[in-house]
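This is query-v6.cif. It holds mmCIF, C-alpha atoms.
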```
data_work
#
loop_
_atom_site.label_atom_id
_atom_site.label_comp_id
_atom_site.auth_asym_id
_atom_site.auth_seq_id
_atom_site.Cartn_x
_atom_site.Cartn_y
_atom_site.Cartn_z
CA MET M 1 -26.26 11.44 46.26
CA PRO M 2 -25.74 11.92 42.46
CA SER M 3 -25.25 8.59 40.66
CA ASN M 4 -22.71 8.10 37.89
CA PRO M 5 -23.39 6.02 34.71
CA ILE M 6 -21.46 3.01 36.06
CA ASP M 7 -23.64 2.88 39.18
CA SER M 8 -26.80 3.25 37.07
CA ALA M 9 -25.65 0.41 34.75
CA ALA M 10 -24.85 -1.77 37.78
CA ARG M 11 -28.31 -1.09 39.25
CA ALA M 12 -29.99 -1.86 35.90
CA THR M 13 -28.23 -5.25 35.53
CA PRO M 14 -30.62 -8.10 36.50
CA GLU M 15 -29.65 -9.78 39.77
CA PRO M 16 -28.79 -13.29 38.37
CA VAL M 17 -26.48 -11.75 35.70
CA ALA M 18 -24.92 -9.38 38.26
CA ARG M 19 -24.22 -12.32 40.61
CA LYS M 20 -22.48 -14.23 37.79
CA ILE M 21 -20.34 -11.22 36.79
CA ARG M 22 -19.39 -10.54 40.43
CA GLY M 23 -17.81 -14.01 40.53
CA LEU M 24 -15.52 -13.24 37.56
CA SER M 25 -12.03 -11.77 37.80
CA ASP M 26 -11.13 -8.49 36.01
CA ARG M 27 -9.09 -10.49 33.53
CA ALA M 28 -12.04 -12.77 32.77
CA ILE M 29 -14.35 -9.79 32.24
CA ALA M 30 -11.75 -8.21 29.92
CA TRP M 31 -11.62 -11.42 27.89
CA LEU M 32 -15.43 -11.44 27.80
CA PHE M 33 -15.43 -8.03 26.13
CA VAL M 34 -12.61 -8.84 23.72
CA ALA M 35 -13.86 -12.31 22.78
CA PRO M 36 -16.44 -11.26 20.10
CA THR M 37 -13.80 -9.20 18.28
CA ILE M 38 -11.25 -12.01 18.44
CA PHE M 39 -13.85 -14.47 17.20
CA LEU M 40 -14.76 -12.21 14.26
CA LEU M 41 -11.09 -11.66 13.44
CA LEU M 42 -10.44 -15.39 13.46
CA ALA M 43 -13.51 -16.12 11.34
CA ILE M 44 -13.06 -13.34 8.78
CA ASN M 45 -9.26 -12.92 8.55
CA ILE M 46 -7.26 -15.75 10.04
CA PHE M 47 -9.34 -18.76 8.98
CA PRO M 48 -9.55 -17.74 5.27
CA LEU M 49 -5.81 -17.03 5.31
CA ILE M 50 -4.96 -20.47 6.71
CA TRP M 51 -7.44 -22.05 4.30
CA THR M 52 -5.83 -20.21 1.36
CA ILE M 53 -2.37 -21.39 2.45
CA ARG M 54 -3.69 -24.97 2.55
CA LEU M 55 -5.37 -24.61 -0.88
CA SER M 56 -2.15 -23.23 -2.38
CA PHE M 57 -0.58 -26.68 -2.00
CA THR M 58 -3.43 -28.41 -3.86
CA ASN M 59 -4.96 -28.48 -7.36
CA PHE M 60 -8.44 -27.57 -6.05
CA ARG M 61 -10.86 -25.93 -8.50
CA ALA M 62 -13.81 -24.05 -7.02
CA ASN M 63 -16.01 -24.74 -10.07
CA ARG M 64 -15.53 -28.51 -9.56
CA PRO M 65 -16.00 -28.96 -5.82
CA ASN M 66 -16.71 -32.70 -6.09
CA ARG M 67 -13.49 -33.51 -7.93
CA GLU M 68 -10.83 -35.29 -5.90
CA VAL M 69 -8.30 -32.76 -4.58
CA GLU M 70 -4.65 -33.68 -5.07
CA TRP M 71 -1.79 -32.45 -2.85
CA VAL M 72 0.77 -30.93 -5.25
CA GLY M 73 3.29 -29.56 -2.74
CA LEU M 74 5.20 -26.52 -3.95
CA ARG M 75 4.34 -27.06 -7.64
CA ASN M 76 1.91 -24.10 -7.80
CA TYR M 77 4.58 -21.74 -6.38
CA GLU M 78 7.18 -23.17 -8.75
CA ARG M 79 4.92 -22.63 -11.77
CA ILE M 80 4.06 -19.05 -10.79
CA LEU M 81 7.67 -18.09 -10.11
CA THR M 82 8.88 -19.46 -13.44
CA ASP M 83 5.96 -18.15 -15.53
CA SER M 84 7.09 -15.36 -17.86
CA ASP M 85 3.49 -14.10 -18.32
CA ILE M 86 3.12 -13.50 -14.58
CA TRP M 87 6.54 -11.89 -14.60
CA LEU M 88 5.18 -9.49 -17.25
CA THR M 89 2.19 -8.59 -15.03
CA MET M 90 4.67 -7.90 -12.21
CA GLN M 91 6.49 -5.55 -14.56
CA ALA M 92 3.23 -3.82 -15.50
CA THR M 93 2.57 -3.39 -11.76
CA ALA M 94 6.12 -2.11 -11.24
CA HIS M 95 5.70 0.47 -14.04
CA PHE M 96 2.44 1.65 -12.51
CA LEU M 97 3.89 1.66 -8.99
CA PHE M 98 7.12 3.47 -9.81
CA TRP M 99 5.68 6.27 -11.91
CA THR M 100 2.61 6.94 -9.76
CA ILE M 101 4.77 7.20 -6.64
CA PHE M 102 7.33 9.34 -8.45
CA PHE M 103 4.77 11.87 -9.71
CA GLN M 104 2.68 11.83 -6.53
CA VAL M 105 5.71 12.57 -4.35
CA LEU M 106 7.04 15.23 -6.70
CA ILE M 107 3.73 17.07 -7.19
CA GLY M 108 2.44 16.35 -3.67
CA PHE M 109 5.54 17.76 -2.00
CA THR M 110 5.55 20.83 -4.26
CA LEU M 111 1.88 21.52 -3.52
CA ALA M 112 2.43 21.06 0.22
CA TRP M 113 5.38 23.43 0.12
CA LEU M 114 3.28 26.04 -1.71
CA ILE M 115 0.24 25.59 0.56
CA ASN M 116 2.48 25.87 3.64
CA ARG M 117 3.39 29.44 2.64
CA LYS M 118 0.64 31.45 4.23
CA PHE M 119 -1.42 33.29 1.63
CA ARG M 120 -5.00 34.43 1.16
CA GLY M 121 -7.44 31.65 0.29
CA ASN M 122 -5.00 29.03 1.58
CA ASP M 123 -7.73 26.86 3.17
CA LEU M 124 -9.99 27.09 0.14
CA TRP M 125 -7.19 25.85 -2.14
CA THR M 126 -6.43 22.98 0.24
CA THR M 127 -10.10 21.92 0.13
CA ILE M 128 -10.20 22.12 -3.68
CA ILE M 129 -6.98 20.13 -4.04
CA VAL M 130 -8.09 17.28 -1.76
CA LEU M 131 -11.44 16.81 -3.56
CA PRO M 132 -10.31 14.03 -6.00
CA MET M 133 -9.18 11.89 -3.07
CA MET M 134 -12.70 11.80 -1.68
CA LEU M 135 -14.23 10.30 -4.83
CA SER M 136 -14.84 6.61 -5.35
CA PRO M 137 -12.29 4.92 -7.68
CA ALA M 138 -15.21 3.49 -9.68
CA VAL M 139 -16.59 7.01 -10.29
CA VAL M 140 -13.14 8.37 -11.13
CA GLY M 141 -12.48 5.49 -13.54
CA ASN M 142 -15.84 6.06 -15.20
CA PHE M 143 -15.53 9.79 -15.81
CA TRP M 144 -11.88 9.57 -16.88
CA THR M 145 -12.97 7.01 -19.48
CA PHE M 146 -15.13 9.80 -20.94
CA LEU M 147 -12.34 12.36 -20.61
CA TYR M 148 -10.03 10.03 -22.57
CA GLN M 149 -12.52 9.55 -25.44
CA PRO M 150 -10.67 10.51 -28.67
CA GLN M 151 -13.73 12.18 -30.27
CA ILE M 152 -15.50 13.88 -27.37
CA GLY M 153 -12.96 13.63 -24.53
CA LEU M 154 -11.61 16.81 -22.99
CA PHE M 155 -8.16 15.32 -22.35
CA ASN M 156 -7.33 14.90 -26.04
CA TYR M 157 -8.42 18.48 -26.74
CA VAL M 158 -6.22 19.85 -23.95
CA VAL M 159 -3.22 17.88 -25.28
CA SER M 160 -4.08 19.09 -28.79
CA PHE M 161 -4.27 22.70 -27.58
CA PHE M 162 -0.75 22.55 -26.09
CA THR M 163 0.99 20.35 -28.68
CA GLY M 164 -0.93 20.95 -31.91
CA VAL M 165 -1.51 17.22 -32.40
CA ASP M 166 -4.88 16.26 -33.92
CA PRO M 167 -7.14 15.24 -30.95
CA SER M 168 -8.60 12.23 -32.75
CA SER M 169 -5.17 10.98 -33.84
CA PHE M 170 -4.39 9.23 -30.55
CA GLU M 171 -6.35 7.09 -28.16
CA MET M 172 -5.12 7.04 -24.55
CA LEU M 173 -6.91 3.85 -23.49
CA GLY M 174 -6.60 1.95 -26.77
CA SER M 175 -2.91 2.47 -27.49
CA VAL M 176 -0.31 -0.03 -26.26
CA THR M 177 2.17 2.73 -25.45
CA LEU M 178 -0.29 5.25 -23.96
CA ALA M 179 -2.62 2.99 -21.94
CA PRO M 180 -0.14 2.39 -19.04
CA TRP M 181 0.40 6.16 -18.82
CA SER M 182 -3.34 6.86 -18.83
CA ILE M 183 -3.65 4.87 -15.58
CA VAL M 184 -0.62 6.62 -14.10
CA ILE M 185 -2.20 10.03 -14.88
CA VAL M 186 -5.54 9.13 -13.26
CA ASP M 187 -3.98 7.62 -10.13
CA THR M 188 -1.65 10.62 -9.79
CA TRP M 189 -4.61 12.99 -10.17
CA MET M 190 -6.57 11.11 -7.54
CA TRP M 191 -3.91 10.40 -4.89
CA THR M 192 -1.48 13.35 -5.07
CA PRO M 193 -3.64 15.22 -2.50
CA PHE M 194 -3.05 12.41 -0.02
CA VAL M 195 0.74 12.74 -0.36
CA MET M 196 0.31 16.50 -0.16
CA LEU M 197 -1.57 16.25 3.15
CA ILE M 198 1.09 14.01 4.70
CA CYS M 199 3.88 16.33 3.49
CA LEU M 200 1.94 19.30 4.82
CA ALA M 201 1.76 17.63 8.25
CA GLY M 202 5.52 17.15 8.06
CA LEU M 203 6.18 20.76 7.02
CA ARG M 204 3.93 22.13 9.78
CA SER M 205 5.74 20.01 12.39
CA ILE M 206 9.02 21.90 11.79
CA PRO M 207 9.40 24.56 14.49
CA ASP M 208 9.96 28.14 13.26
CA TYR M 209 12.94 28.69 15.58
CA ILE M 210 15.06 26.30 13.50
CA TYR M 211 14.59 28.54 10.44
CA GLU M 212 15.23 31.62 12.59
CA ALA M 213 18.52 30.09 13.80
CA ALA M 214 19.44 29.29 10.20
CA GLU M 215 18.64 32.91 9.19
CA ILE M 216 20.94 34.18 11.94
CA ASP M 217 23.67 31.87 10.62
CA ARG M 218 23.01 33.39 7.17
CA ALA M 219 22.05 30.09 5.58
CA SER M 220 20.59 30.59 2.10
CA LYS M 221 16.99 29.52 1.30
CA LEU M 222 18.33 26.63 -0.77
CA ARG M 223 20.57 25.48 2.06
CA GLN M 224 17.68 25.77 4.54
CA PHE M 225 15.59 23.60 2.24
CA PHE M 226 18.22 20.85 1.91
CA THR M 227 19.45 20.87 5.52
CA ILE M 228 16.21 21.57 7.44
CA THR M 229 13.05 21.12 5.39
CA LEU M 230 13.89 17.98 3.41
CA PRO M 231 15.48 15.92 6.24
CA MET M 232 12.62 16.76 8.62
CA VAL M 233 9.90 15.93 6.09
CA LEU M 234 11.66 12.76 4.92
CA PRO M 235 10.06 10.36 7.49
CA PHE M 236 6.61 11.68 6.48
CA LEU M 237 7.50 11.30 2.83
CA MET M 238 8.69 7.75 3.47
CA LEU M 239 5.36 7.04 5.12
CA ALA M 240 3.45 8.38 2.12
CA VAL M 241 5.61 6.37 -0.31
CA LEU M 242 5.09 3.14 1.62
CA PHE M 243 1.36 3.69 2.01
CA ARG M 244 0.86 4.49 -1.66
CA GLY M 245 3.19 1.61 -2.60
CA ILE M 246 1.10 -0.89 -0.64
CA GLU M 247 -2.17 0.53 -1.98
CA ASN M 248 -1.02 0.62 -5.59
CA PHE M 249 0.43 -2.87 -5.39
CA LYS M 250 -3.14 -4.05 -4.75
CA MET M 251 -4.74 -1.65 -7.27
CA PHE M 252 -7.73 -3.22 -8.98
CA ASP M 253 -10.87 -1.07 -9.33
CA LEU M 254 -9.38 1.91 -11.15
CA VAL M 255 -7.54 -0.24 -13.71
CA VAL M 256 -10.60 -2.42 -14.32
CA GLN M 257 -12.73 0.68 -14.94
CA LEU M 258 -10.22 2.33 -17.24
CA THR M 259 -8.66 -0.43 -19.36
CA GLY M 260 -9.78 -3.77 -17.92
CA GLY M 261 -6.12 -4.87 -18.28
CA GLY M 262 -5.97 -4.10 -22.01
CA PRO M 263 -5.12 -3.45 -24.78
CA GLY M 264 -3.94 -7.06 -24.90
CA SER M 265 -2.53 -7.53 -21.43
CA ILE M 266 -0.33 -4.43 -21.34
CA THR M 267 -2.05 -2.94 -18.28
CA GLU M 268 -2.86 -6.25 -16.61
CA VAL M 269 -1.61 -5.63 -13.09
CA THR M 270 -1.21 -8.52 -10.65
CA SER M 271 -4.60 -8.13 -8.94
CA ILE M 272 -6.44 -8.35 -12.28
CA ASN M 273 -4.33 -11.33 -13.34
CA LEU M 274 -5.05 -13.01 -9.99
CA LYS M 275 -8.79 -12.43 -10.37
CA ARG M 276 -8.68 -14.01 -13.85
CA GLU M 277 -6.82 -17.07 -12.59
CA ALA M 278 -9.23 -17.47 -9.67
CA PHE M 279 -12.63 -16.61 -11.15
CA GLU M 280 -12.31 -16.97 -14.93
CA LYS M 281 -9.94 -19.92 -15.28
CA TRP M 282 -11.06 -21.33 -11.89
CA ARG M 283 -7.57 -22.53 -10.95
CA THR M 284 -8.24 -22.01 -7.26
CA GLY M 285 -5.15 -23.80 -5.89
CA TYR M 286 -2.86 -21.97 -8.29
CA ALA M 287 -4.57 -18.62 -7.59
CA SER M 288 -4.23 -19.26 -3.84
CA ALA M 289 -0.46 -19.68 -4.23
CA TYR M 290 -0.43 -16.48 -6.30
CA ALA M 291 -2.41 -14.67 -3.58
CA ILE M 292 0.00 -15.90 -0.89
CA ILE M 293 2.97 -14.53 -2.86
CA LEU M 294 1.27 -11.13 -3.10
CA PHE M 295 0.23 -11.32 0.55
CA VAL M 296 3.79 -11.95 1.76
CA THR M 297 5.03 -9.03 -0.35
CA VAL M 298 2.38 -6.65 0.98
CA PHE M 299 2.87 -7.94 4.54
CA GLY M 300 6.62 -7.31 4.26
CA LEU M 301 6.03 -3.78 2.99
CA ALA M 302 3.44 -3.18 5.70
CA SER M 303 5.97 -4.23 8.36
CA ILE M 304 8.38 -1.56 7.09
CA TYR M 305 5.46 0.89 7.01
CA VAL M 306 4.62 0.26 10.67
CA LYS M 307 8.29 0.69 11.59
CA ALA M 308 8.41 4.03 9.72
CA LEU M 309 5.13 5.08 11.37
CA ASN M 310 6.57 4.42 14.84
CA LYS M 311 9.63 6.50 13.98
CA VAL M 312 7.39 9.40 12.95
CA LYS M 313 5.37 9.02 16.17
CA GLN M 314 8.57 9.21 18.25
CA ARG M 315 9.40 12.63 16.79
CA MET Z 1 29.68 0.08 11.38
CA SER Z 2 31.19 -1.66 14.43
CA GLY Z 3 28.11 -0.62 16.45
CA PHE Z 4 25.90 -2.24 13.83
CA LEU Z 5 27.90 -5.50 13.91
CA ASP Z 6 27.98 -5.41 17.69
CA GLY Z 7 24.18 -5.03 17.71
CA LEU Z 8 23.87 -8.02 15.38
CA LEU Z 9 26.09 -10.18 17.58
CA ARG Z 10 24.25 -9.13 20.76
CA LEU Z 11 20.89 -9.84 19.06
CA ARG Z 12 19.63 -6.26 19.29
CA ARG Z 13 16.39 -5.23 17.61
CA GLY Z 14 17.60 -2.18 15.61
CA PRO Z 15 20.29 -3.76 13.40
CA TRP Z 16 18.37 -7.00 12.89
CA GLU Z 17 15.27 -5.05 11.83
CA MET Z 18 17.48 -3.18 9.39
CA VAL Z 19 18.69 -6.48 7.87
CA ALA Z 20 15.08 -7.74 7.61
CA THR Z 21 13.95 -4.46 6.02
CA VAL Z 22 16.75 -4.66 3.43
CA LEU Z 23 15.82 -8.26 2.64
CA ILE Z 24 12.15 -7.32 2.12
CA ALA Z 25 13.09 -4.36 -0.09
CA VAL Z 26 15.53 -6.50 -2.14
CA GLY Z 27 12.84 -9.19 -2.49
CA VAL Z 28 10.28 -6.67 -3.79
CA VAL Z 29 12.80 -5.23 -6.27
CA MET Z 30 13.71 -8.77 -7.43
CA LEU Z 31 10.00 -9.54 -7.92
CA MET Z 32 9.39 -6.53 -10.14
CA GLN Z 33 12.63 -6.01 -12.05
CA PRO Z 34 12.35 -6.62 -15.81
CA TYR Z 35 15.90 -7.91 -16.47
CA VAL Z 36 16.74 -11.35 -15.04
CA MET Z 37 14.24 -14.20 -14.76
CA TRP Z 38 16.03 -16.08 -11.97
CA LEU Z 39 15.93 -12.99 -9.75
CA TYR Z 40 12.15 -13.07 -10.17
CA THR Z 41 12.13 -16.79 -9.38
CA TYR Z 42 13.99 -16.37 -6.09
CA SER Z 43 12.27 -13.11 -5.09
CA PHE Z 44 9.52 -14.80 -3.08
CA ILE Z 45 11.88 -16.75 -0.86
CA VAL Z 46 13.94 -13.60 -0.16
CA THR Z 47 10.80 -11.60 0.76
CA LEU Z 48 9.47 -14.47 2.87
CA VAL Z 49 12.75 -14.80 4.79
CA GLY Z 50 12.81 -11.00 5.32
CA THR Z 51 9.21 -10.90 6.52
CA VAL Z 52 9.53 -13.84 8.91
CA MET Z 53 12.83 -12.40 10.18
CA PHE Z 54 11.11 -9.05 10.77
CA ILE Z 55 8.39 -10.70 12.86
CA VAL Z 56 10.94 -12.63 14.91
CA VAL Z 57 13.48 -9.83 15.47
CA SER Z 58 10.81 -7.29 16.45
CA HIS Z 59 10.67 -9.24 19.74
CA PHE Z 60 14.42 -8.77 20.38
CA PRO Z 61 15.44 -6.24 23.09
CA GLU Z 62 16.18 -2.64 21.99
#
```

Since I need it in another form, could you write the structure as structure tokens?
Amino acid sequence: MPSNPIDSAARATPEPVARKIRGLSDRAIAWLFVAPTIFLLLAINIFPLIWTIRLSFTNFRANRPNREVEWVGLRNYERILTDSDIWLTMQATAHFLFWTIFFQVLIGFTLAWLINRKFRGNDLWTTIIVLPMMLSPAVVGNFWTFLYQPQIGLFNYVVSFFTGVDPSSFEMLGSVTLAPWSIVIVDTWMWTPFVMLICLAGLRSIPDYIYEAAEIDRASKLRQFFTITLPMVLPFLMLAVLFRGIENFKMFDLVVQLTGGGPGSITEVTSINLKREAFEKWRTGYASAYAIILFVTVFGLASIYVKALNKVKQR
Amino acid sequence: MSGFLDGLLRLRRGPWEMVATVLIAVGVVMLMQPYVMWLYTYSFIVTLVGTVMFIVVSHFPE
């Protein structure tokens, strides 16, 4: 009689262990399998979160562990939410968030729409377009720093070629007005392919017969776009916006590589500011409260994201 | 509109999730807007209420 893998595993189990397992219910065995994962989750995610919430109500400093820790109640939250400097970092984050999402959606959707029209070399172009997304943000930040160099950087020469401005007359990463845009350009370059892929999935999920019915009804191409294409891609687009919004809200590596938060603190996004409070000024309690504020914001956005994702799944 | 209010009164998931989603979105906008300081100050509480509400109402019946 041919034996299946389950029978072989049962035969290979030593008799004392097998006897113990035979005495357990299915539910108990299921818990036995899930327990290591739950334990890891509690140890790595839940415990640090609860510990951070506790620290956010104290004046604990990690560089002075022996100092007496004082319970300060909601004072850390109050100070953060009335601090105009932190408000400015929120605005820097908002600028980054708004413009990156705007350009990524605009360019990503256009590219998806073009790629969706069947033409020769379609797959090759898709592969070429998605390449930036596969690179590490540290690598991207590093080589864009070279591209932005005013003397040797290619970017300044390209701008000079199209506008006639002297390439060494402006510095993308050193200028107060241009530095925020330099980050927007790099993030858009890197993550537009992601939005494009999601839009492409949306476009390919629209059945052809809907367009055929619209053709029979003599709907113009423009009308077809606004009454069929856009409404049917919208849930996918919403998904892309939320995902990029959550990711960019936490953006750290790319900005650190490109500007390090400078010049001054013009590109200091919240994650960089938080890192400075926690590991340069060592205000651990204060930084914990700051982290909890960011966590609640991201958690709220993620809840909407999951809701949108379920809607897309139902389609 | 009456269906929405009816759903709210009968503690249905859909409309309550909508309210929670709006609260979260308003909270995020309040946090990042560059105009009024007190909106920034109260943004966290609005987002927190929205998020907690979302967790609670997602257990309501459809």

Next item on the list: Apply the PyMOL selection byres ((chain M) within 12 of (chain Z)) to the file shown and report the selected residues as a PyMOL selection string.
Entry: chain M and resi 77-98+242+245-246+249+269-270+289-308+311

Nearby residues (all atoms listed in the file) at most 10 Å from Gly260 of chain M, same-chain spacing under 6 positions excluded, as a tab-separated table (two decimals) with C-alpha atoms, in the frame of the given file:
```tsv
chain	number	residue	atom	x	y	z
M	173	LEU	CA	-6.91	3.85	-23.49
M	252	PHE	CA	-7.73	-3.22	-8.98
M	253	ASP	CA	-10.87	-1.07	-9.33
M	254	LEU	CA	-9.38	1.91	-11.15
M	267	THR	CA	-2.05	-2.94	-18.28
M	268	GLU	CA	-2.86	-6.25	-16.61
M	269	VAL	CA	-1.61	-5.63	-13.09
M	272	ILE	CA	-6.44	-8.35	-12.28
```

Please indicate the distance in Å from atom CA of Pro132 of chain M to atom CA of Lys118 of chain M, rounded to one decimal place.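 Separation between atom CA of Pro132 of chain M and atom CA of Lys118 of chain M: 23.0 Å.
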
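One distance worth recording is that between atom CA of Ile128 of chain M and atom CA of Trp181 of chain M, which is 24.4 Å.
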
Closest of M:Leu55, M:Val140, M:Ile44, M:Leu239 to Ile198 of chain M, counting only C-alpha atoms, is M:Leu239

Just to confirm, what's the straight-line distance from atom CA of Ile50 of chain M to atom CA of Trp16 of chain Z in Å (one decimal)?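 Pair atom CA of Ile50 of chain M / atom CA of Trp16 of chain Z returns 27.6 Å.
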